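Q: Got a file for you: target.cif, mmCIF, N, CA and C atoms and all ligand atoms.
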```
data_run
#
loop_
_atom_site.group_PDB
_atom_site.id
_atom_site.type_symbol
_atom_site.label_atom_id
_atom_site.label_comp_id
_atom_site.auth_asym_id
_atom_site.auth_seq_id
_atom_site.Cartn_x
_atom_site.Cartn_y
_atom_site.Cartn_z
ATOM 1 N N MET A 9 -18.396 -13.870 10.941
ATOM 2 C CA MET A 9 -18.228 -12.889 9.869
ATOM 3 C C MET A 9 -18.354 -11.471 10.425
ATOM 4 N N PHE A 10 -17.562 -10.604 9.853
ATOM 5 C CA PHE A 10 -17.598 -9.218 10.293
ATOM 6 C C PHE A 10 -18.869 -8.532 9.776
ATOM 7 N N ALA A 11 -19.275 -7.574 10.503
ATOM 8 C CA ALA A 11 -20.414 -6.776 10.044
ATOM 9 C C ALA A 11 -20.000 -6.016 8.795
ATOM 10 N N ALA A 12 -20.862 -5.989 7.854
ATOM 11 C CA ALA A 12 -20.551 -5.308 6.596
ATOM 12 C C ALA A 12 -20.311 -3.829 6.850
ATOM 13 N N ARG A 13 -19.219 -3.359 6.322
ATOM 14 C CA ARG A 13 -18.894 -1.949 6.512
ATOM 15 C C ARG A 13 -19.670 -1.111 5.508
ATOM 16 N N THR A 14 -20.517 -0.288 6.029
ATOM 17 C CA THR A 14 -21.333 0.524 5.130
ATOM 18 C C THR A 14 -20.897 1.977 5.136
ATOM 19 N N VAL A 15 -19.986 2.289 6.058
ATOM 20 C CA VAL A 15 -19.515 3.671 6.117
ATOM 21 C C VAL A 15 -18.630 3.945 4.917
ATOM 22 N N ALA A 16 -19.080 4.824 4.078
ATOM 23 C CA ALA A 16 -18.323 5.120 2.872
ATOM 24 C C ALA A 16 -18.117 6.620 2.749
ATOM 25 N N SER A 17 -18.146 7.273 3.854
ATOM 26 C CA SER A 17 -17.958 8.711 3.800
ATOM 27 C C SER A 17 -17.309 9.176 5.096
ATOM 28 N N MET A 18 -16.801 10.361 5.073
ATOM 29 C CA MET A 18 -16.263 10.919 6.298
ATOM 30 C C MET A 18 -16.686 12.378 6.407
ATOM 31 N N ILE A 19 -16.679 12.832 7.615
ATOM 32 C CA ILE A 19 -17.154 14.192 7.846
ATOM 33 C C ILE A 19 -16.005 15.043 8.360
ATOM 34 N N THR A 20 -15.783 16.155 7.716
ATOM 35 C CA THR A 20 -14.724 17.058 8.124
ATOM 36 C C THR A 20 -15.190 17.892 9.310
ATOM 37 N N SER A 21 -14.255 18.639 9.875
ATOM 38 C CA SER A 21 -14.588 19.461 11.035
ATOM 39 C C SER A 21 -15.659 20.499 10.723
ATOM 40 N N SER A 22 -15.741 20.865 9.452
ATOM 41 C CA SER A 22 -16.752 21.846 9.064
ATOM 42 C C SER A 22 -18.101 21.193 8.784
ATOM 43 N N GLY A 23 -18.155 19.881 8.950
ATOM 44 C CA GLY A 23 -19.417 19.178 8.770
ATOM 45 C C GLY A 23 -19.683 18.726 7.352
ATOM 46 N N LYS A 24 -18.682 18.895 6.507
ATOM 47 C CA LYS A 24 -18.851 18.509 5.117
ATOM 48 C C LYS A 24 -18.508 17.024 4.938
ATOM 49 N N VAL A 25 -19.326 16.351 4.223
ATOM 50 C CA VAL A 25 -19.093 14.925 3.993
ATOM 51 C C VAL A 25 -18.275 14.737 2.720
ATOM 52 N N ILE A 26 -17.194 14.005 2.888
ATOM 53 C CA ILE A 26 -16.330 13.767 1.737
ATOM 54 C C ILE A 26 -16.400 12.285 1.360
ATOM 55 N N GLU A 27 -16.552 12.043 0.115
ATOM 56 C CA GLU A 27 -16.512 10.670 -0.367
ATOM 57 C C GLU A 27 -15.518 10.608 -1.496
ATOM 58 N N ILE A 28 -14.560 9.754 -1.347
ATOM 59 C CA ILE A 28 -13.553 9.664 -2.384
ATOM 60 C C ILE A 28 -13.600 8.272 -3.005
ATOM 61 N N HIS A 29 -13.827 8.279 -4.260
ATOM 62 C CA HIS A 29 -13.925 7.027 -4.989
ATOM 63 C C HIS A 29 -12.796 6.925 -5.991
ATOM 64 N N GLY A 30 -12.280 5.754 -6.152
ATOM 65 C CA GLY A 30 -11.241 5.607 -7.148
ATOM 66 C C GLY A 30 -11.083 4.159 -7.562
ATOM 67 N N GLN A 31 -10.566 3.975 -8.746
ATOM 68 C CA GLN A 31 -10.300 2.630 -9.231
ATOM 69 C C GLN A 31 -8.901 2.231 -8.798
ATOM 70 N N LYS A 32 -8.842 1.195 -7.967
ATOM 71 C CA LYS A 32 -7.544 0.726 -7.485
ATOM 72 C C LYS A 32 -7.478 -0.784 -7.621
ATOM 73 N N PHE A 33 -6.264 -1.269 -7.646
ATOM 74 C CA PHE A 33 -6.085 -2.714 -7.727
ATOM 75 C C PHE A 33 -6.361 -3.334 -6.362
ATOM 76 N N CYS A 34 -7.223 -4.334 -6.350
ATOM 77 C CA CYS A 34 -7.532 -5.029 -5.109
ATOM 78 C C CYS A 34 -6.781 -6.353 -5.097
ATOM 79 N N VAL A 35 -6.016 -6.557 -4.019
ATOM 80 C CA VAL A 35 -5.207 -7.776 -3.945
ATOM 81 C C VAL A 35 -6.073 -9.003 -3.705
ATOM 82 N N THR A 36 -7.225 -8.801 -3.105
ATOM 83 C CA THR A 36 -8.121 -9.924 -2.832
ATOM 84 C C THR A 36 -8.870 -10.336 -4.093
ATOM 85 N N CYS A 37 -9.388 -9.344 -4.807
ATOM 86 C CA CYS A 37 -10.111 -9.626 -6.053
ATOM 87 C C CYS A 37 -9.136 -9.911 -7.193
ATOM 88 N N LYS A 38 -7.905 -9.467 -7.015
ATOM 89 C CA LYS A 38 -6.879 -9.550 -8.060
ATOM 90 C C LYS A 38 -7.355 -8.857 -9.344
ATOM 91 N N GLN A 39 -8.060 -7.788 -9.126
ATOM 92 C CA GLN A 39 -8.586 -7.012 -10.248
ATOM 93 C C GLN A 39 -8.691 -5.545 -9.859
ATOM 94 N N ILE A 40 -8.819 -4.705 -10.851
ATOM 95 C CA ILE A 40 -9.077 -3.297 -10.586
ATOM 96 C C ILE A 40 -10.528 -3.165 -10.152
ATOM 97 N N ARG A 41 -10.698 -2.589 -8.969
ATOM 98 C CA ARG A 41 -12.053 -2.452 -8.429
ATOM 99 C C ARG A 41 -12.267 -1.014 -7.953
ATOM 100 N N GLY A 42 -13.509 -0.675 -7.833
ATOM 101 C CA GLY A 42 -13.816 0.622 -7.254
ATOM 102 C C GLY A 42 -13.523 0.587 -5.769
ATOM 103 N N HIS A 43 -12.842 1.584 -5.275
ATOM 104 C CA HIS A 43 -12.514 1.668 -3.858
ATOM 105 C C HIS A 43 -13.086 2.956 -3.294
ATOM 106 N N THR A 44 -13.492 2.877 -2.054
ATOM 107 C CA THR A 44 -13.979 4.064 -1.383
ATOM 108 C C THR A 44 -13.032 4.411 -0.244
ATOM 109 N N CYS A 45 -12.545 5.626 -0.279
ATOM 110 C CA CYS A 45 -11.676 6.098 0.791
ATOM 111 C C CYS A 45 -12.571 6.681 1.877
ATOM 112 N N PHE A 46 -12.442 6.154 3.072
ATOM 113 C CA PHE A 46 -13.311 6.634 4.140
ATOM 114 C C PHE A 46 -12.549 7.275 5.277
ATOM 115 N N HIS A 47 -11.253 7.293 5.166
ATOM 116 C CA HIS A 47 -10.473 7.884 6.242
ATOM 117 C C HIS A 47 -9.182 8.461 5.673
ATOM 118 N N MET A 48 -8.880 9.674 6.083
ATOM 119 C CA MET A 48 -7.647 10.299 5.638
ATOM 120 C C MET A 48 -7.069 11.087 6.792
ATOM 121 N N LYS A 49 -5.806 10.890 7.034
ATOM 122 C CA LYS A 49 -5.197 11.560 8.166
ATOM 123 C C LYS A 49 -3.822 12.078 7.768
ATOM 124 N N TYR A 50 -3.587 13.306 8.146
ATOM 125 C CA TYR A 50 -2.286 13.902 7.875
ATOM 126 C C TYR A 50 -1.558 14.124 9.179
ATOM 127 N N ARG A 51 -0.315 13.764 9.206
ATOM 128 C CA ARG A 51 0.482 14.091 10.390
ATOM 129 C C ARG A 51 1.929 14.296 9.974
ATOM 130 N N LYS A 52 2.623 14.996 10.857
ATOM 131 C CA LYS A 52 4.012 15.328 10.581
ATOM 132 C C LYS A 52 4.838 14.048 10.531
ATOM 133 N N SER A 53 5.696 13.958 9.560
ATOM 134 C CA SER A 53 6.545 12.793 9.440
ATOM 135 C C SER A 53 7.545 12.743 10.588
ATOM 136 N N GLU A 54 7.760 11.541 11.105
ATOM 137 C CA GLU A 54 8.691 11.392 12.224
ATOM 138 C C GLU A 54 10.126 11.302 11.731
ATOM 139 N N THR A 55 10.286 10.913 10.493
ATOM 140 C CA THR A 55 11.632 10.708 9.975
ATOM 141 C C THR A 55 12.134 11.875 9.137
ATOM 142 N N ASN A 56 11.211 12.639 8.588
ATOM 143 C CA ASN A 56 11.603 13.727 7.702
ATOM 144 C C ASN A 56 10.924 15.026 8.137
ATOM 145 N N ASP A 57 11.741 16.018 8.470
ATOM 146 C CA ASP A 57 11.220 17.304 8.934
ATOM 147 C C ASP A 57 10.476 18.061 7.845
ATOM 148 N N ASP A 58 10.838 17.793 6.612
ATOM 149 C CA ASP A 58 10.245 18.531 5.507
ATOM 150 C C ASP A 58 9.116 17.755 4.832
ATOM 151 N N ALA A 59 8.533 16.852 5.596
ATOM 152 C CA ALA A 59 7.467 16.057 4.991
ATOM 153 C C ALA A 59 6.400 15.726 6.018
ATOM 154 N N TYR A 60 5.266 15.362 5.525
ATOM 155 C CA TYR A 60 4.242 14.849 6.403
ATOM 156 C C TYR A 60 3.730 13.546 5.816
ATOM 157 N N SER A 61 3.193 12.724 6.672
ATOM 158 C CA SER A 61 2.691 11.458 6.152
ATOM 159 C C SER A 61 1.178 11.488 6.083
ATOM 160 N N LYS A 62 0.703 10.901 5.030
ATOM 161 C CA LYS A 62 -0.721 10.872 4.768
ATOM 162 C C LYS A 62 -1.185 9.430 4.889
ATOM 163 N N GLU A 63 -2.118 9.214 5.789
ATOM 164 C CA GLU A 63 -2.643 7.867 5.961
ATOM 165 C C GLU A 63 -4.025 7.810 5.333
ATOM 166 N N GLU A 64 -4.190 6.839 4.498
ATOM 167 C CA GLU A 64 -5.432 6.725 3.760
ATOM 168 C C GLU A 64 -5.971 5.313 3.937
ATOM 169 N N ARG A 65 -7.232 5.208 4.314
ATOM 170 C CA ARG A 65 -7.845 3.886 4.416
ATOM 171 C C ARG A 65 -8.914 3.783 3.357
ATOM 172 N N ARG A 66 -8.866 2.706 2.610
ATOM 173 C CA ARG A 66 -9.913 2.521 1.622
ATOM 174 C C ARG A 66 -10.368 1.076 1.584
ATOM 175 N N VAL A 67 -11.609 0.922 1.219
ATOM 176 C CA VAL A 67 -12.167 -0.421 1.131
ATOM 177 C C VAL A 67 -12.590 -0.727 -0.296
ATOM 178 N N CYS A 68 -12.415 -1.971 -0.647
ATOM 179 C CA CYS A 68 -12.851 -2.450 -1.955
ATOM 180 C C CYS A 68 -14.370 -2.519 -1.955
ATOM 181 N N ASP A 69 -14.963 -1.997 -2.993
ATOM 182 C CA ASP A 69 -16.425 -1.984 -3.072
ATOM 183 C C ASP A 69 -17.008 -3.392 -3.199
ATOM 184 N N ARG A 70 -16.216 -4.292 -3.710
ATOM 185 C CA ARG A 70 -16.721 -5.634 -3.952
ATOM 186 C C ARG A 70 -16.533 -6.562 -2.743
ATOM 187 N N CYS A 71 -15.296 -6.673 -2.268
ATOM 188 C CA CYS A 71 -15.040 -7.648 -1.194
ATOM 189 C C CYS A 71 -14.850 -6.989 0.175
ATOM 190 N N HIS A 72 -14.853 -5.656 0.202
ATOM 191 C CA HIS A 72 -14.729 -4.881 1.434
ATOM 192 C C HIS A 72 -13.412 -5.085 2.174
ATOM 193 N N THR A 73 -12.406 -5.470 1.441
ATOM 194 C CA THR A 73 -11.086 -5.576 2.036
ATOM 195 C C THR A 73 -10.555 -4.178 2.309
ATOM 196 N N GLU A 74 -10.106 -3.987 3.530
ATOM 197 C CA GLU A 74 -9.609 -2.677 3.910
ATOM 198 C C GLU A 74 -8.119 -2.598 3.631
ATOM 199 N N LYS A 75 -7.721 -1.485 3.071
ATOM 200 C CA LYS A 75 -6.308 -1.289 2.782
ATOM 201 C C LYS A 75 -5.866 0.053 3.343
ATOM 202 N N VAL A 76 -4.724 0.050 4.004
ATOM 203 C CA VAL A 76 -4.184 1.293 4.545
ATOM 204 C C VAL A 76 -2.970 1.681 3.717
ATOM 205 N N VAL A 77 -3.018 2.874 3.202
ATOM 206 C CA VAL A 77 -1.914 3.363 2.393
ATOM 207 C C VAL A 77 -1.291 4.557 3.096
ATOM 208 N N VAL A 78 -0.005 4.462 3.358
ATOM 209 C CA VAL A 78 0.691 5.586 3.989
ATOM 210 C C VAL A 78 1.702 6.141 3.000
ATOM 211 N N LYS A 79 1.573 7.429 2.776
ATOM 212 C CA LYS A 79 2.466 8.088 1.825
ATOM 213 C C LYS A 79 3.183 9.228 2.513
ATOM 214 N N GLU A 80 4.427 9.423 2.146
ATOM 215 C CA GLU A 80 5.166 10.563 2.679
ATOM 216 C C GLU A 80 5.172 11.653 1.625
ATOM 217 N N ILE A 81 4.664 12.809 2.018
ATOM 218 C CA ILE A 81 4.552 13.909 1.072
ATOM 219 C C ILE A 81 5.415 15.068 1.547
ATOM 220 N N PRO A 82 6.279 15.564 0.688
ATOM 221 C CA PRO A 82 7.116 16.701 1.089
ATOM 222 C C PRO A 82 6.290 17.970 1.244
ATOM 223 N N ILE A 83 6.642 18.756 2.242
ATOM 224 C CA ILE A 83 5.947 20.022 2.447
ATOM 225 C C ILE A 83 6.497 21.037 1.448
ATOM 226 N N PRO A 84 5.645 21.610 0.645
ATOM 227 C CA PRO A 84 6.122 22.558 -0.359
ATOM 228 C C PRO A 84 6.417 23.934 0.232
ATOM 229 N N THR A 85 7.471 24.003 1.008
ATOM 230 C CA THR A 85 7.837 25.286 1.596
ATOM 231 C C THR A 85 8.557 26.138 0.556
ATOM 232 N N GLU A 86 8.614 27.400 0.845
ATOM 233 C CA GLU A 86 9.268 28.330 -0.058
ATOM 234 C C GLU A 86 10.746 27.949 -0.204
ATOM 235 N N GLN A 87 11.331 27.582 0.916
ATOM 236 C CA GLN A 87 12.746 27.221 0.915
ATOM 237 C C GLN A 87 12.989 25.963 0.091
ATOM 238 N N ALA A 88 12.144 24.980 0.284
ATOM 239 C CA ALA A 88 12.291 23.732 -0.452
ATOM 240 C C ALA A 88 12.138 23.959 -1.944
ATOM 241 N N MET A 89 11.213 24.857 -2.277
ATOM 242 C CA MET A 89 10.986 25.150 -3.679
ATOM 243 C C MET A 89 12.174 25.873 -4.284
ATOM 244 N N LEU A 90 12.783 26.732 -3.477
ATOM 245 C CA LEU A 90 13.944 27.487 -3.925
ATOM 246 C C LEU A 90 15.128 26.550 -4.150
ATOM 247 N N VAL A 91 15.312 25.626 -3.222
ATOM 248 C CA VAL A 91 16.395 24.651 -3.343
ATOM 249 C C VAL A 91 16.205 23.815 -4.601
ATOM 250 N N LYS A 92 14.985 23.431 -4.829
ATOM 251 C CA LYS A 92 14.659 22.625 -5.996
ATOM 252 C C LYS A 92 14.971 23.389 -7.284
ATOM 253 N N LEU A 93 14.603 24.660 -7.253
ATOM 254 C CA LEU A 93 14.831 25.515 -8.409
ATOM 255 C C LEU A 93 16.325 25.667 -8.674
ATOM 256 N N LEU A 94 17.082 25.891 -7.602
ATOM 257 C CA LEU A 94 18.527 26.059 -7.729
ATOM 258 C C LEU A 94 19.179 24.782 -8.234
ATOM 259 N N MET A 95 18.683 23.655 -7.746
ATOM 260 C CA MET A 95 19.239 22.375 -8.176
ATOM 261 C C MET A 95 18.962 22.139 -9.646
ATOM 262 N N SER A 96 17.756 22.490 -10.070
ATOM 263 C CA SER A 96 17.415 22.276 -11.467
ATOM 264 C C SER A 96 18.201 23.231 -12.350
ATOM 265 N N LEU A 97 18.474 24.417 -11.817
ATOM 266 C CA LEU A 97 19.266 25.393 -12.567
ATOM 267 C C LEU A 97 20.704 24.924 -12.717
ATOM 268 N N SER A 98 21.267 24.426 -11.620
ATOM 269 C CA SER A 98 22.663 23.991 -11.667
ATOM 270 C C SER A 98 22.818 22.793 -12.593
ATOM 271 N N GLU A 99 21.754 21.995 -12.666
ATOM 272 C CA GLU A 99 21.782 20.859 -13.564
ATOM 273 C C GLU A 99 21.724 21.338 -15.011
ATOM 274 N N LYS A 100 20.873 22.316 -15.192
ATOM 275 C CA LYS A 100 20.647 22.876 -16.520
ATOM 276 C C LYS A 100 21.925 23.495 -17.080
ATOM 277 N N TYR A 101 22.616 24.217 -16.219
ATOM 278 C CA TYR A 101 23.803 24.926 -16.687
ATOM 279 C C TYR A 101 25.101 24.209 -16.319
ATOM 280 N N GLU A 102 24.940 22.968 -15.914
ATOM 281 C CA GLU A 102 26.092 22.121 -15.576
ATOM 282 C C GLU A 102 27.017 22.783 -14.580
ATOM 283 N N LEU A 103 26.428 23.299 -13.540
ATOM 284 C CA LEU A 103 27.212 23.947 -12.496
ATOM 285 C C LEU A 103 27.462 23.001 -11.319
ATOM 286 N N LYS A 104 27.010 21.796 -11.498
ATOM 287 C CA LYS A 104 27.166 20.793 -10.446
ATOM 288 C C LYS A 104 28.630 20.609 -10.126
ATOM 289 N N GLY A 105 28.958 20.657 -8.866
ATOM 290 C CA GLY A 105 30.335 20.425 -8.457
ATOM 291 C C GLY A 105 31.142 21.704 -8.370
ATOM 292 N N SER A 106 30.589 22.804 -8.849
ATOM 293 C CA SER A 106 31.281 24.070 -8.750
ATOM 294 C C SER A 106 31.109 24.641 -7.346
ATOM 295 N N VAL A 107 31.962 25.568 -6.980
ATOM 296 C CA VAL A 107 31.918 26.135 -5.638
ATOM 297 C C VAL A 107 30.695 27.033 -5.521
ATOM 298 N N PRO A 108 29.891 26.766 -4.505
ATOM 299 C CA PRO A 108 28.686 27.605 -4.350
ATOM 300 C C PRO A 108 29.043 29.034 -3.974
ATOM 301 N N VAL A 109 28.324 29.962 -4.488
ATOM 302 C CA VAL A 109 28.571 31.369 -4.211
ATOM 303 C C VAL A 109 28.019 31.704 -2.838
ATOM 304 N N SER A 110 28.905 32.209 -1.974
ATOM 305 C CA SER A 110 28.422 32.581 -0.633
ATOM 306 C C SER A 110 28.149 34.074 -0.594
ATOM 307 N N SER A 111 27.102 34.433 0.087
ATOM 308 C CA SER A 111 26.732 35.845 0.117
ATOM 309 C C SER A 111 27.315 36.528 1.339
HETATM 310 ZN ZN ZN B 1 -11.749 -6.635 -3.614
#
```
Would you mind writing the file out in structure tokens?

A:
Amino acid sequence: MFAARTVASMITSSGKVIEIHGQKFCVTCKQIRGHTCFHMKYRKSETNDDAYSKEERRVCDRCHTEKVVVKEIPIPTEQAMLVKLLMSLSEKYELKGSVPVSS
């Protein structure tokens, strides 16, 4: 048997201890259980230049099953936000398919 994992916190570079708790579905318990996130890592996405991937490790409080969740999060750059705004505008005013105005 594995040693019981008691680490339920992590320490940031500034020395602050972070504990993240949340109710998540546990596949082992087949129920919603309290989970503790003890590891979080951000790194640049290898497939998408405008995104970074977030790796999160959490353990079920009941059965201690470890789960790794990797999410791709878009970087909210000014340019990306502008593109999004323009796209929503063109949708709003039904300008989709029209010739873009070049400056
Ligand atoms: Zn569980």

Q: Let me know the residues the PyMOL selection byres (((not hetatm)) within 7 of (chain B and resi 1)) catches in the file above, as a compact mmCIF listing (two decimals) with N, CA and C atoms, in the frame of the given file.

A:
```
# COMPACT_ATOMS: atom_id res chain seq x y z
N PHE A 33 -6.26 -1.27 -7.65
CA PHE A 33 -6.08 -2.71 -7.73
C PHE A 33 -6.36 -3.33 -6.36
N CYS A 34 -7.22 -4.33 -6.35
CA CYS A 34 -7.53 -5.03 -5.11
C CYS A 34 -6.78 -6.35 -5.10
N VAL A 35 -6.02 -6.56 -4.02
CA VAL A 35 -5.21 -7.78 -3.94
C VAL A 35 -6.07 -9.00 -3.70
N THR A 36 -7.22 -8.80 -3.10
CA THR A 36 -8.12 -9.92 -2.83
C THR A 36 -8.87 -10.34 -4.09
N CYS A 37 -9.39 -9.34 -4.81
CA CYS A 37 -10.11 -9.63 -6.05
C CYS A 37 -9.14 -9.91 -7.19
N LYS A 38 -7.90 -9.47 -7.02
CA LYS A 38 -6.88 -9.55 -8.06
C LYS A 38 -7.36 -8.86 -9.34
N GLN A 39 -8.06 -7.79 -9.13
CA GLN A 39 -8.59 -7.01 -10.25
C GLN A 39 -8.69 -5.54 -9.86
N ARG A 41 -10.70 -2.59 -8.97
CA ARG A 41 -12.05 -2.45 -8.43
C ARG A 41 -12.27 -1.01 -7.95
N VAL A 67 -11.61 0.92 1.22
CA VAL A 67 -12.17 -0.42 1.13
C VAL A 67 -12.59 -0.73 -0.30
N CYS A 68 -12.42 -1.97 -0.65
CA CYS A 68 -12.85 -2.45 -1.96
C CYS A 68 -14.37 -2.52 -1.96
N ASP A 69 -14.96 -2.00 -2.99
CA ASP A 69 -16.42 -1.98 -3.07
C ASP A 69 -17.01 -3.39 -3.20
N ARG A 70 -16.22 -4.29 -3.71
CA ARG A 70 -16.72 -5.63 -3.95
C ARG A 70 -16.53 -6.56 -2.74
N CYS A 71 -15.30 -6.67 -2.27
CA CYS A 71 -15.04 -7.65 -1.19
C CYS A 71 -14.85 -6.99 0.18
N HIS A 72 -14.85 -5.66 0.20
CA HIS A 72 -14.73 -4.88 1.43
C HIS A 72 -13.41 -5.08 2.17
N THR A 73 -12.41 -5.47 1.44
CA THR A 73 -11.09 -5.58 2.04
C THR A 73 -10.56 -4.18 2.31
```

Q: Specify as a list in words each residue included when the PyMOL selection byres (((chain A and resi 83-88) around 7) and not hetatm) is applied to this file.

A: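 When the PyMOL selection byres (((chain A and resi 83-88) around 7) and not hetatm) is applied to the shown file, the picked residues are Asp57, Asp58, Ala59, Tyr60, Ile81, Pro82, Met89, Leu90, Val91, Lys92 and Leu93 of chain A.
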
Q: Which residues would end up in the selection if the PyMOL selection byres (((chain A and resi 78) around 6.5) and not hetatm) were applied here, given that I need the answer as a compact mmCIF listing (two decimals) with N, CA and C atoms, in the frame of the given file?

A:
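Here's the written file out.txt:
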```
# COMPACT_ATOMS: atom_id res chain seq x y z
N SER A 61 3.19 12.72 6.67
CA SER A 61 2.69 11.46 6.15
C SER A 61 1.18 11.49 6.08
N LYS A 62 0.70 10.90 5.03
CA LYS A 62 -0.72 10.87 4.77
C LYS A 62 -1.18 9.43 4.89
N GLU A 63 -2.12 9.21 5.79
CA GLU A 63 -2.64 7.87 5.96
C GLU A 63 -4.03 7.81 5.33
N GLU A 64 -4.19 6.84 4.50
CA GLU A 64 -5.43 6.72 3.76
C GLU A 64 -5.97 5.31 3.94
N VAL A 76 -4.72 0.05 4.00
CA VAL A 76 -4.18 1.29 4.54
C VAL A 76 -2.97 1.68 3.72
N VAL A 77 -3.02 2.87 3.20
CA VAL A 77 -1.91 3.36 2.39
C VAL A 77 -1.29 4.56 3.10
N LYS A 79 1.57 7.43 2.78
CA LYS A 79 2.47 8.09 1.82
C LYS A 79 3.18 9.23 2.51
N GLU A 80 4.43 9.42 2.15
CA GLU A 80 5.17 10.56 2.68
C GLU A 80 5.17 11.65 1.62
```

Q: Restricting the calculation to all atoms listed in the file: of A:Lys75, A:Glu99, A:Arg65, A:Leu94, which residue gets closest to A:Phe46?

A: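 Selected residue with least distance to A:Phe46: A:Arg65.
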
Q: Mind working out the centre and edge lengths of an axis-aligned box for stretch 76-93 of chain A, all listed atoms inside, 6 Å added to each side, rounded to one decimal in Å and written as lines of an AutoDock Vina configuration file?

A:
```
center_x = 5.8
center_y = 14.2
center_z = -2.1
size_x = 33.1
size_y = 40.3
size_z = 25.2
```
